[in-house]
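Here is the file final-v7.csv (CSV, C-alpha atoms).
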chain,number,residue,atom,x,y,z
A,1,MET,CA,0.0,0.0,0.0
A,2,GLN,CA,2.9,2.3,0.7
A,3,ILE,CA,4.2,1.8,-2.8
A,4,LEU,CA,0.8,2.6,-4.2
A,5,ARG,CA,0.6,5.8,-2.2
A,6,GLN,CA,4.1,6.8,-3.4
A,7,GLN,CA,3.0,6.2,-7.0
A,8,PHE,CA,-0.2,8.2,-6.4
A,9,LEU,CA,1.8,11.2,-5.2
A,10,ARG,CA,4.3,10.9,-8.0
A,11,HIS,CA,2.1,10.1,-11.0
A,12,ILE,CA,-1.4,11.5,-10.2
A,13,GLY,CA,-1.8,15.2,-10.8
A,14,GLN,CA,-2.5,16.7,-7.4
A,15,THR,CA,-5.2,19.2,-6.5
A,16,SER,CA,-3.9,20.2,-3.0
A,17,PRO,CA,-0.8,19.7,-0.9
A,18,SER,CA,-2.6,17.4,1.5
A,19,PRO,CA,-4.8,14.7,-0.1
A,20,MET,CA,-6.6,12.3,2.2
A,21,LEU,CA,-4.5,9.3,1.0
A,22,VAL,CA,-7.2,6.7,1.9
A,23,GLU,CA,-7.0,3.8,-0.5
A,24,ILE,CA,-10.4,2.4,-1.6
A,25,GLU,CA,-10.9,-1.3,-2.1
A,26,ARG,CA,-14.6,-1.4,-2.7
A,27,ALA,CA,-17.8,0.7,-2.0
A,28,GLU,CA,-21.3,-0.4,-1.4
A,29,GLY,CA,-24.5,1.5,-0.3
A,30,SER,CA,-23.5,4.3,2.0
A,31,CYS,CA,-20.0,3.0,2.8
A,32,PHE,CA,-16.6,2.3,1.3
A,33,TYR,CA,-13.8,0.1,2.6
A,34,THR,CA,-10.0,0.1,2.5
A,35,PRO,CA,-7.9,-3.0,1.6
A,36,GLU,CA,-7.4,-3.5,5.4
A,37,GLY,CA,-11.2,-3.7,5.8
A,38,LYS,CA,-11.6,-0.3,7.5
A,39,LYS,CA,-15.2,1.0,7.0
A,40,TYR,CA,-15.9,4.6,6.1
A,41,TYR,CA,-19.4,6.1,6.0
A,42,ASP,CA,-19.7,8.3,2.9
A,43,THR,CA,-21.7,11.3,4.2
A,44,ILE,CA,-21.2,13.4,1.1
A,45,SER,CA,-21.9,11.0,-1.8
A,46,GLY,CA,-18.8,11.9,-3.7
A,47,VAL,CA,-20.1,15.5,-3.4
A,48,SER,CA,-23.7,14.8,-4.3
A,49,VAL,CA,-22.9,12.2,-7.0
A,50,SER,CA,-23.9,8.8,-5.6
A,51,ASN,CA,-27.5,9.7,-4.8
A,52,VAL,CA,-28.6,6.0,-5.2
A,53,GLY,CA,-25.7,4.6,-3.2
A,54,HIS,CA,-22.5,3.0,-4.2
A,55,HIS,CA,-22.6,-0.2,-6.3
A,56,ASN,CA,-26.3,0.1,-6.9
A,57,PRO,CA,-27.3,-3.2,-8.6
A,58,ALA,CA,-29.6,-1.5,-11.1
A,59,VAL,CA,-26.9,1.0,-12.2
A,60,THR,CA,-24.2,-1.7,-12.3
A,61,GLU,CA,-26.4,-3.9,-14.4
A,62,ALA,CA,-27.2,-1.1,-16.8
A,63,VAL,CA,-23.5,-0.2,-17.2
A,64,CYS,CA,-22.6,-3.8,-18.0
A,65,ARG,CA,-25.5,-4.4,-20.4
A,66,GLN,CA,-24.7,-1.2,-22.4
A,67,ALA,CA,-21.0,-1.9,-22.5
A,68,GLN,CA,-21.7,-5.3,-24.1
A,69,GLN,CA,-23.9,-3.6,-26.8
A,70,TYR,CA,-21.8,-0.6,-27.7
A,71,MET,CA,-19.7,2.2,-26.2
A,72,HIS,CA,-18.5,5.2,-28.1
A,73,VAL,CA,-19.4,5.0,-31.8
A,74,MET,CA,-19.5,8.7,-33.0
A,75,VAL,CA,-19.3,12.2,-31.8
A,76,TYR,CA,-22.3,13.4,-29.9
A,77,GLY,CA,-25.4,14.5,-31.8
A,78,GLU,CA,-25.0,12.5,-35.1
A,79,LEU,CA,-26.4,9.0,-34.3
A,80,VAL,CA,-29.6,7.9,-32.6
A,81,GLU,CA,-28.4,6.2,-29.4
A,82,ARG,CA,-31.1,4.7,-27.3
A,83,PRO,CA,-29.7,5.5,-23.8
A,84,GLN,CA,-29.3,9.1,-24.7
A,85,VAL,CA,-32.8,9.5,-26.1
A,86,ARG,CA,-34.5,7.6,-23.4
A,87,TYR,CA,-32.7,9.5,-20.7
A,88,ALA,CA,-33.3,12.9,-22.2
A,89,ALA,CA,-37.0,12.2,-22.5
A,90,LEU,CA,-37.2,11.1,-18.9
A,91,ILE,CA,-35.3,14.2,-17.7
A,92,ALA,CA,-37.7,16.4,-19.7
A,93,ASP,CA,-40.7,14.6,-18.1
A,94,TYR,CA,-39.5,15.8,-14.7
A,95,LEU,CA,-38.6,19.3,-15.7
A,96,PRO,CA,-41.3,22.0,-16.0
A,97,ASP,CA,-42.1,23.4,-19.5
A,98,PRO,CA,-40.6,24.6,-21.7
A,99,LEU,CA,-37.3,22.8,-20.6
A,100,GLU,CA,-37.3,19.8,-23.0
A,101,SER,CA,-34.1,20.0,-25.1
A,102,VAL,CA,-31.2,18.2,-23.4
A,103,TYR,CA,-27.6,18.8,-24.6
A,104,PHE,CA,-25.3,16.1,-23.0
A,105,VAL,CA,-21.7,16.9,-22.1
A,106,ASN,CA,-19.1,15.3,-19.8
A,107,SER,CA,-19.2,17.3,-16.6
A,108,GLY,CA,-20.7,20.2,-14.6
A,109,ALA,CA,-18.1,22.7,-15.7
A,110,GLU,CA,-18.8,21.8,-19.4
A,111,ALA,CA,-22.5,22.2,-18.8
A,112,VAL,CA,-21.9,25.7,-17.4
A,113,GLU,CA,-19.7,26.5,-20.4
A,114,GLY,CA,-22.4,25.4,-22.8
A,115,ALA,CA,-25.1,27.3,-21.0
A,116,LEU,CA,-23.1,30.5,-21.1
A,117,LYS,CA,-22.4,30.1,-24.8
A,118,LEU,CA,-26.1,29.4,-25.4
A,119,ALA,CA,-27.2,32.5,-23.6
A,120,LYS,CA,-24.8,34.8,-25.4
A,121,ARG,CA,-25.7,33.2,-28.8
A,122,PHE,CA,-29.4,33.4,-28.3
A,123,THR,CA,-29.6,36.9,-26.9
A,124,GLY,CA,-26.8,38.4,-28.9
A,125,ARG,CA,-25.5,40.1,-25.7
A,126,ARG,CA,-22.2,39.7,-24.0
A,127,ARG,CA,-22.6,40.8,-20.4
A,128,MET,CA,-23.1,38.1,-17.8
A,129,ILE,CA,-24.0,38.1,-14.1
A,130,ALA,CA,-23.2,35.5,-11.4
A,131,CYS,CA,-23.3,35.3,-7.6
A,132,ARG,CA,-20.6,35.9,-5.1
A,133,ASN,CA,-19.5,32.7,-3.3
A,134,ALA,CA,-20.7,30.4,-6.0
A,135,TYR,CA,-18.7,27.7,-7.6
A,136,HIS,CA,-19.5,26.6,-11.2
A,137,GLY,CA,-16.3,24.7,-12.3
A,138,SER,CA,-12.6,25.1,-12.9
A,139,THR,CA,-12.6,25.5,-16.7
A,140,HIS,CA,-11.7,29.0,-17.9
A,141,GLY,CA,-15.2,30.3,-18.7
A,142,ALA,CA,-16.7,28.7,-15.5
A,143,MET,CA,-13.9,30.2,-13.4
A,144,SER,CA,-14.6,33.6,-15.0
A,145,VAL,CA,-18.0,33.7,-13.4
A,146,MET,CA,-16.7,32.7,-10.0
A,147,ASN,CA,-16.0,35.8,-7.9
A,148,SER,CA,-12.9,34.4,-6.1
A,149,TYR,CA,-9.6,36.0,-6.7
A,150,GLU,CA,-8.0,33.3,-4.6
A,151,PHE,CA,-8.9,30.7,-7.3
A,152,SER,CA,-8.7,32.8,-10.5
A,153,ASP,CA,-5.9,35.3,-10.0
A,154,ALA,CA,-3.1,32.9,-11.1
A,155,TYR,CA,-5.0,32.1,-14.4
A,156,GLY,CA,-6.0,35.6,-15.5
A,157,PRO,CA,-7.1,37.4,-17.4
A,158,MET,CA,-10.6,36.0,-17.1
A,159,LEU,CA,-13.5,36.6,-19.5
A,160,PRO,CA,-14.6,40.2,-19.7
A,161,GLY,CA,-18.1,41.5,-19.1
A,162,VAL,CA,-18.9,39.7,-15.9
A,163,ASP,CA,-20.5,41.3,-12.9
A,164,TRP,CA,-21.6,39.8,-9.6
A,165,ILE,CA,-24.5,40.0,-7.3
A,166,THR,CA,-25.0,38.9,-3.7
A,167,TYR,CA,-27.3,36.0,-3.2
A,168,ASN,CA,-30.6,37.0,-1.5
A,169,ASN,CA,-29.9,40.7,-2.0
A,170,LEU,CA,-32.9,42.2,-3.8
A,171,ALA,CA,-31.2,45.6,-4.4
A,172,ASP,CA,-28.4,43.9,-6.4
A,173,LEU,CA,-31.0,42.8,-9.0
A,174,ASP,CA,-30.9,46.4,-10.4
A,175,LYS,CA,-27.6,45.4,-12.0
A,176,ILE,CA,-29.6,43.2,-14.5
A,177,ASN,CA,-30.4,45.3,-17.5
A,178,GLU,CA,-31.1,45.1,-21.3
A,179,GLU,CA,-27.4,44.4,-21.9
A,180,THR,CA,-27.3,41.3,-19.7
A,181,ALA,CA,-27.2,38.0,-21.6
A,182,CYS,CA,-27.8,35.8,-18.5
A,183,VAL,CA,-27.8,35.5,-14.8
A,184,LEU,CA,-26.2,32.3,-13.5
A,185,ILE,CA,-27.3,31.2,-10.0
A,186,GLU,CA,-27.7,28.2,-7.8
A,187,PRO,CA,-31.3,27.9,-6.4
A,188,VAL,CA,-29.6,26.8,-3.2
A,189,GLN,CA,-26.0,27.9,-2.9
A,190,GLY,CA,-23.8,24.9,-2.2
A,191,GLU,CA,-20.2,26.0,-1.7
A,192,ALA,CA,-21.2,29.1,0.2
A,193,GLY,CA,-22.3,26.6,2.9
A,194,VAL,CA,-25.8,25.7,1.9
A,195,ARG,CA,-27.6,29.1,1.7
A,196,LEU,CA,-31.3,28.8,1.0
A,197,PRO,CA,-33.3,31.4,-1.0
A,198,GLU,CA,-35.3,33.8,1.1
A,199,LYS,CA,-39.0,34.1,0.4
A,200,GLY,CA,-39.6,36.0,-2.8
A,201,TYR,CA,-36.0,36.2,-3.9
A,202,LEU,CA,-36.0,33.8,-6.8
A,203,GLU,CA,-39.4,35.1,-7.9
A,204,ALA,CA,-38.0,38.6,-8.0
A,205,LEU,CA,-35.0,37.4,-10.0
A,206,ARG,CA,-37.2,35.7,-12.5
A,207,LYS,CA,-39.4,38.8,-12.9
A,208,LYS,CA,-36.3,41.0,-13.4
A,209,CYS,CA,-34.9,38.7,-16.0
A,210,ASP,CA,-38.2,38.6,-17.8
A,211,SER,CA,-38.5,42.4,-17.9
A,212,THR,CA,-35.0,42.8,-19.4
A,213,GLY,CA,-35.0,39.9,-21.8
A,214,THR,CA,-32.2,38.2,-19.8
A,215,LEU,CA,-31.9,34.4,-19.7
A,216,LEU,CA,-32.0,32.9,-16.2
A,217,ILE,CA,-29.6,30.0,-15.8
A,218,PHE,CA,-30.0,27.6,-12.8
A,219,ASP,CA,-26.9,25.6,-11.7
A,220,GLU,CA,-28.6,22.5,-10.3
A,221,ILE,CA,-25.4,20.5,-10.5
A,222,GLN,CA,-25.4,19.7,-6.7
A,223,THR,CA,-29.2,20.1,-6.1
A,224,GLY,CA,-30.5,17.9,-8.9
A,225,PHE,CA,-31.9,14.3,-8.7
A,226,GLY,CA,-33.6,14.4,-5.3
A,227,ARG,CA,-31.0,16.1,-3.2
A,228,THR,CA,-33.3,18.7,-1.8
A,229,GLY,CA,-36.4,16.5,-1.6
A,230,GLU,CA,-37.8,17.2,-5.1
A,231,MET,CA,-36.2,15.8,-8.3
A,232,PHE,CA,-35.0,19.3,-9.0
A,233,ALA,CA,-34.8,22.2,-6.6
A,234,MET,CA,-36.5,24.5,-9.1
A,235,THR,CA,-39.7,22.5,-8.5
A,236,LYS,CA,-39.3,22.8,-4.7
A,237,TYR,CA,-38.8,26.6,-4.9
A,238,GLY,CA,-41.4,27.2,-7.7
A,239,VAL,CA,-39.2,29.1,-10.2
A,240,THR,CA,-38.4,27.9,-13.7
A,241,PRO,CA,-35.2,29.1,-15.4
A,242,ASP,CA,-34.5,29.4,-19.1
A,243,ILE,CA,-31.6,27.0,-18.9
A,244,VAL,CA,-30.6,24.5,-16.3
A,245,CYS,CA,-27.1,22.9,-15.8
A,246,LEU,CA,-27.0,19.3,-14.5
A,247,ALA,CA,-24.2,16.9,-13.6
A,248,LYS,CA,-22.9,15.0,-10.5
A,249,ALA,CA,-25.9,12.6,-9.8
A,250,LEU,CA,-27.0,12.9,-13.4
A,251,GLY,CA,-24.6,10.1,-14.3
A,252,GLY,CA,-25.5,7.7,-11.5
A,253,GLY,CA,-21.8,7.6,-10.6
A,254,MET,CA,-20.5,7.9,-14.1
A,255,PRO,CA,-19.1,11.1,-15.6
A,256,LEU,CA,-22.0,13.0,-17.3
A,257,GLY,CA,-23.2,16.6,-17.5
A,258,ALA,CA,-26.0,18.4,-19.4
A,259,PHE,CA,-27.5,21.8,-20.0
A,260,VAL,CA,-31.2,21.9,-20.8
A,261,SER,CA,-33.4,24.6,-22.3
A,262,SER,CA,-36.4,25.0,-24.6
A,263,ARG,CA,-36.1,23.8,-28.2
A,264,HIS,CA,-36.5,27.3,-29.4
A,265,ILE,CA,-33.5,28.5,-27.5
A,266,MET,CA,-31.4,25.4,-28.0
A,267,GLU,CA,-31.8,25.2,-31.7
A,268,CYS,CA,-29.7,28.3,-32.2
A,269,LEU,CA,-26.5,26.2,-31.6
A,270,SER,CA,-27.3,24.2,-34.8
A,271,HIS,CA,-26.9,27.0,-37.3
A,272,ASP,CA,-25.0,30.3,-38.1
A,273,PRO,CA,-22.6,28.6,-37.5
A,274,ALA,CA,-23.5,24.9,-37.5
A,275,LEU,CA,-21.7,22.9,-34.8
A,276,GLY,CA,-22.0,25.9,-32.5
A,277,HIS,CA,-21.3,23.5,-29.6
A,278,ILE,CA,-19.7,20.1,-30.1
A,279,THR,CA,-18.4,17.3,-27.9
A,280,THR,CA,-16.8,13.9,-28.6
A,281,PHE,CA,-17.7,12.0,-25.5
A,282,GLY,CA,-20.7,14.0,-24.2
A,283,GLY,CA,-23.7,11.7,-23.6
A,284,HIS,CA,-21.5,8.6,-23.7
A,285,PRO,CA,-24.0,5.7,-24.0
A,286,VAL,CA,-22.6,3.9,-20.9
A,287,CYS,CA,-22.9,7.0,-18.8
A,288,CYS,CA,-26.4,7.7,-20.1
A,289,ALA,CA,-27.4,4.1,-19.4
A,290,ALA,CA,-26.1,4.5,-15.8
A,291,GLY,CA,-27.9,7.8,-15.3
A,292,LEU,CA,-31.1,6.5,-16.7
A,293,ALA,CA,-31.0,3.5,-14.4
A,294,ALA,CA,-30.3,5.8,-11.4
A,295,MET,CA,-33.1,8.1,-12.1
A,296,GLU,CA,-35.5,5.3,-12.6
A,297,TYR,CA,-34.3,3.8,-9.3
A,298,ILE,CA,-35.1,7.1,-7.6
A,299,THR,CA,-38.7,7.0,-8.9
A,300,GLU,CA,-39.4,3.3,-8.6
A,301,HIS,CA,-38.2,3.2,-5.0
A,302,ARG,CA,-39.9,6.5,-4.1
A,303,LEU,CA,-36.7,7.9,-2.6
A,304,LEU,CA,-37.9,11.5,-2.9
A,305,GLY,CA,-40.6,11.0,-0.4
A,306,ASP,CA,-38.1,10.1,2.4
A,307,VAL,CA,-35.5,12.8,1.7
A,308,GLU,CA,-37.0,15.5,4.0
A,309,ARG,CA,-37.6,13.1,6.8
A,310,LYS,CA,-34.1,11.8,6.7
A,311,GLY,CA,-32.7,15.3,6.5
A,312,ALA,CA,-34.8,16.3,9.5
A,313,MET,CA,-33.5,13.2,11.4
A,314,PHE,CA,-29.9,14.3,10.8
A,315,GLU,CA,-30.8,17.8,11.9
A,316,THR,CA,-32.5,16.7,15.1
A,317,LEU,CA,-29.7,14.3,16.1
A,318,LEU,CA,-26.9,16.8,15.5
A,319,ALA,CA,-28.4,20.1,16.5
A,320,SER,CA,-28.6,19.0,20.2
A,321,HIS,CA,-24.8,19.1,20.5
A,322,SER,CA,-23.4,22.3,22.1
A,323,ALA,CA,-20.6,22.6,19.6
A,324,VAL,CA,-23.1,22.9,16.7
A,325,LYS,CA,-24.0,26.6,16.1
A,326,GLU,CA,-26.4,26.2,13.3
A,327,ILE,CA,-27.6,23.7,10.7
A,328,ARG,CA,-28.5,25.0,7.2
A,329,ARG,CA,-30.4,22.5,5.2
A,330,SER,CA,-32.5,21.8,2.1
A,331,GLY,CA,-33.5,18.1,2.1
A,332,LEU,CA,-30.3,16.0,2.4
A,333,LEU,CA,-28.0,18.9,1.6
A,334,MET,CA,-26.8,20.4,4.8
A,335,ALA,CA,-24.0,22.5,6.4
A,336,VAL,CA,-23.3,21.9,10.1
A,337,GLU,CA,-21.9,25.1,11.4
A,338,LEU,CA,-19.1,25.0,14.0
A,339,GLY,CA,-18.3,28.7,13.9
A,340,SER,CA,-14.5,28.2,13.6
A,341,SER,CA,-12.2,27.0,10.8
A,342,GLU,CA,-9.8,25.7,13.4
A,343,ARG,CA,-12.5,23.5,14.9
A,344,LEU,CA,-13.5,22.4,11.4
A,345,TYR,CA,-10.0,21.3,10.4
A,346,HIS,CA,-9.7,19.4,13.7
A,347,ILE,CA,-13.0,17.5,13.3
A,348,MET,CA,-12.0,16.6,9.7
A,349,GLU,CA,-9.0,14.7,11.2
A,350,LEU,CA,-11.2,13.1,13.8
A,351,PHE,CA,-13.7,12.0,11.1
A,352,LYS,CA,-10.9,10.4,9.1
A,353,GLU,CA,-9.7,8.5,12.1
A,354,ARG,CA,-13.1,7.2,13.1
A,355,GLY,CA,-14.5,6.2,9.7
A,356,ILE,CA,-16.4,9.2,8.3
A,357,LEU,CA,-15.8,10.9,4.9
A,358,SER,CA,-17.0,14.5,5.1
A,359,ASP,CA,-15.8,17.7,3.6
A,360,TRP,CA,-16.1,21.5,4.1
A,361,PHE,CA,-17.2,24.1,1.6
A,362,LEU,CA,-15.0,26.2,-0.8
A,363,PHE,CA,-16.4,29.4,0.5
A,364,CYS,CA,-17.3,28.4,4.1
A,365,ASP,CA,-14.5,26.8,6.1
A,366,THR,CA,-16.4,26.9,9.4
A,367,ALA,CA,-19.0,24.2,8.5
A,368,PHE,CA,-18.9,20.6,7.4
A,369,ARG,CA,-20.9,19.1,4.7
A,370,ILE,CA,-23.5,16.3,5.0
A,371,SER,CA,-25.1,15.1,1.7
A,372,PRO,CA,-25.3,11.3,2.0
A,373,PRO,CA,-26.7,8.8,-0.5
A,374,LEU,CA,-30.5,9.2,-0.5
A,375,THR,CA,-30.6,5.4,0.3
A,376,MET,CA,-28.8,5.8,3.7
A,377,THR,CA,-30.9,3.9,6.2
A,378,ASP,CA,-32.3,5.2,9.5
A,379,ASP,CA,-29.9,2.9,11.4
A,380,GLU,CA,-27.0,4.2,9.4
A,381,ILE,CA,-28.0,7.8,10.1
A,382,ARG,CA,-28.1,7.1,13.8
A,383,ASP,CA,-24.7,5.4,13.7
A,384,VAL,CA,-23.2,8.3,11.7
A,385,CYS,CA,-24.6,10.9,14.1
A,386,GLY,CA,-23.3,8.9,17.1
A,387,ILE,CA,-19.8,9.0,15.6
A,388,ILE,CA,-20.1,12.7,14.8
A,389,HIS,CA,-21.2,13.3,18.4
A,390,GLY,CA,-18.1,11.5,19.7
A,391,CYS,CA,-15.9,13.7,17.4
A,392,LEU,CA,-17.7,16.8,18.6
A,393,ASP,CA,-17.1,15.8,22.2
A,394,ASP,CA,-13.4,15.6,21.5
A,395,LEU,CA,-13.0,19.0,19.7
Go ahead and express the file in the form of structure tokens.
Amino acid sequence: MQILRQQFLRHIGQTSPSPMLVEIERAEGSCFYTPEGKKYYDTISGVSVSNVGHHNPAVTEAVCRQAQQYMHVMVYGELVERPQVRYAALIADYLPDPLESVYFVNSGAEAVEGALKLAKRFTGRRRMIACRNAYHGSTHGAMSVMNSYEFSDAYGPMLPGVDWITYNNLADLDKINEETACVLIEPVQGEAGVRLPEKGYLEALRKKCDSTGTLLIFDEIQTGFGRTGEMFAMTKYGVTPDIVCLAKALGGGMPLGAFVSSRHIMECLSHDPALGHITTFGGHPVCCAAGLAAMEYITEHRLLGDVERKGAMFETLLASHSAVKEIRRSGLLMAVELGSSERLYHIMELFKERGILSDWFLFCDTAFRISPPLTMTDDEIRDVCGIIHGCLDDL
């Protein structure tokens, strides 16, 4: 194992100076295991990816079946591939009108890139607005709409024509005008530490976009596929965007992203020029088969109806500890606020020792994340919260 870790550090491009260095042997349900047999509870689902649990039999079977039929055959958009078509139709069934045209890509960042291009192409405008403390990806365009000099300064200059608003600030909506191509926003802010929309905020944003001819883009990359208790957060909060970006749980554990809009808006990518947006591997048939199986599993096993109850169970069990200052939550997406980055970093080490995989937020280093598989059982929730209580006791 030591040799493998050395190879990991030498040959795998690193994202930070201090990776966890926990080797994974297998994963199943809400847990994964090391070669030595140590069990870890996955309380973040690979950051809201494994909504139907690890090694879900329905997803695994769909992957194997599709791989035996065909994998990549042609660049996206040229051939009729059953997994793509069936999955796009099912997604459209769950999205409100007029969101019916799905453009598959490979990741969330690519979905954001495609959505920004689509908005600029359709409106003919160049100015874009995004929210402070929002994360939309690490590609150049996605980073350009992220108001964080810490992340972007080393890679500048960023795209011009971008301005920022503060989430839940109604006065900031006056920045949206007839020169604005789009506003990109998460219906629930994730990396800001799970910030929920205040009453009337998203409705006011929708109204302002309508009055200025601006396209509203929702980033539902973390909130989609049951995470907040509805299939999509837009349904929970009652506001429909012009474009929505999807990824993470979209692929059922496989790499997959998409941006979705009306046919009227989406068709502008197909002409003047043709191939306005192209991708080789977007909508890979195996990934689409996995995502389709995962989405069908969510509906067939009625997972949505239990999300709020399980989220409330976590909240009740954890809020009673004196070290917990606040819990911000939408369904099974929650931030447990400790009020101190020092305490947060300490508890991360305790979690690692005692068999819990958690994480903090890019723009909130005083709270830890809980976003477990939607399939996590009540007994597992109680066990996880018991371990967390023990860690909180030892802070």
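The interatomic distance for the pair atom CA of Gly29 of chain A and atom CA of Pro373 of chain A works out to 7.6 Å.
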For Gly355 of chain A, the closest of A:Glu113, A:Asp378, A:Glu308, A:Asp383 counting all atoms listed in the file is A:Asp383
Which residues of segment 226-264 of chain A have any atom within 12 Å of an atom in segment 76-91 of chain A when counting only C-alpha atoms, and what is the closest pair of atoms for each, with the distance in Å to one decimal? Order the rows by chain and rising number and write it as a Markdown table.
| residue | atom | partner | partner_atom | distance |
| --- | --- | --- | --- | --- |
| A:Met231 | CA | A:Ile91 | CA | 9.6 |
| A:Phe232 | CA | A:Ile91 | CA | 10.1 |
| A:Val244 | CA | A:Ile91 | CA | 11.4 |
| A:Leu246 | CA | A:Ile91 | CA | 10.3 |
| A:Leu250 | CA | A:Ile91 | CA | 9.4 |
| A:Gly251 | CA | A:Tyr87 | CA | 10.3 |
| A:Gly252 | CA | A:Tyr87 | CA | 11.8 |
| A:Leu256 | CA | A:Gln84 | CA | 11.1 |
| A:Gly257 | CA | A:Ala88 | CA | 11.7 |
| A:Ala258 | CA | A:Ala88 | CA | 9.6 |
| A:Phe259 | CA | A:Ala88 | CA | 10.8 |
| A:Val260 | CA | A:Ile91 | CA | 9.3 |
| A:Ser261 | CA | A:Ile91 | CA | 11.5 |
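Between atom CA of Gly37 of chain A and atom CA of Ile388 of chain A the interatomic distance comes to 20.7 Å.
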Which residue gives the smallest distance to Leu332 of chain A among A:Glu230, A:Glu220, A:Asp393, A:Asp153, with all atoms listed in the file counted?
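Among the listed residues, the smallest separation from Leu332 of chain A belongs to A:Glu230.
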Atom CA of Ser16 of chain A to atom CA of Val105 of chain A: how many Å, to one decimal?
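Computing the Euclidean distance for atom CA of Ser16 of chain A and atom CA of Val105 of chain A yields 26.3 Å.
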Could you give me, as a compact mmCIF listing (two decimals) with C-alpha atoms, keeping the file's coordinate frame, the residues that have an atom at most 12 Å away from the point (-11.2, 13.8, 6.2) in the coordinates of the file, using all atoms listed in the file?
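selection09.txt written:
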# COMPACT_ATOMS: atom_id res chain seq x y z
CA SER A 18 -2.60 17.40 1.50
CA PRO A 19 -4.80 14.70 -0.10
CA MET A 20 -6.60 12.30 2.20
CA LEU A 21 -4.50 9.30 1.00
CA VAL A 22 -7.20 6.70 1.90
CA TYR A 40 -15.90 4.60 6.10
CA TYR A 41 -19.40 6.10 6.00
CA ASP A 42 -19.70 8.30 2.90
CA THR A 43 -21.70 11.30 4.20
CA ILE A 44 -21.20 13.40 1.10
CA LEU A 344 -13.50 22.40 11.40
CA TYR A 345 -10.00 21.30 10.40
CA HIS A 346 -9.70 19.40 13.70
CA ILE A 347 -13.00 17.50 13.30
CA MET A 348 -12.00 16.60 9.70
CA GLU A 349 -9.00 14.70 11.20
CA LEU A 350 -11.20 13.10 13.80
CA PHE A 351 -13.70 12.00 11.10
CA LYS A 352 -10.90 10.40 9.10
CA GLU A 353 -9.70 8.50 12.10
CA ARG A 354 -13.10 7.20 13.10
CA GLY A 355 -14.50 6.20 9.70
CA ILE A 356 -16.40 9.20 8.30
CA LEU A 357 -15.80 10.90 4.90
CA SER A 358 -17.00 14.50 5.10
CA ASP A 359 -15.80 17.70 3.60
CA TRP A 360 -16.10 21.50 4.10
CA PHE A 368 -18.90 20.60 7.40
CA ARG A 369 -20.90 19.10 4.70
Contacts of Gly311 of chain A within 10 Å, only C-alpha atoms, excl. fewer than 2 positions in-chain, as a ChimeraX atom specification:
/A:227-229,306-309,313-316,329-334,370-372,374,381
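Residue nearest Cys64 of chain A within the list A:Ile327, A:Val286, A:Ile243, A:Asp174: A:Val286 [criterion: smallest interatomic distance, only C-alpha atoms].
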Would you please work out which residue, of A:Arg125, A:Asp210, A:Val112, A:Val194, is nearest to Met143 of chain A when using all atoms listed in the file?
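Closest candidate: A:Val112.
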Find, counting all atoms listed in the file, the residue in A:Asp163, A:Glu23, A:Glu178, A:Asp379 that gets nearest to Gly213 of chain A.
A:Glu178
Starting from 5 Å padding per side, set up an axis-aligned box that covers all listed atoms of segment 216-233 of chain A and hand over centre and edge lengths in Å, one decimal, as JSON.
{"center_x": -31.6, "center_y": 23.6, "center_z": -8.9, "size_x": 22.4, "size_y": 28.6, "size_z": 24.6}
Which residue out of A:Gly161, A:Gly193, A:Pro96, A:Pro255 has the minimum interatomic distance to Val239 of chain A when only C-alpha atoms are used?
A:Pro96
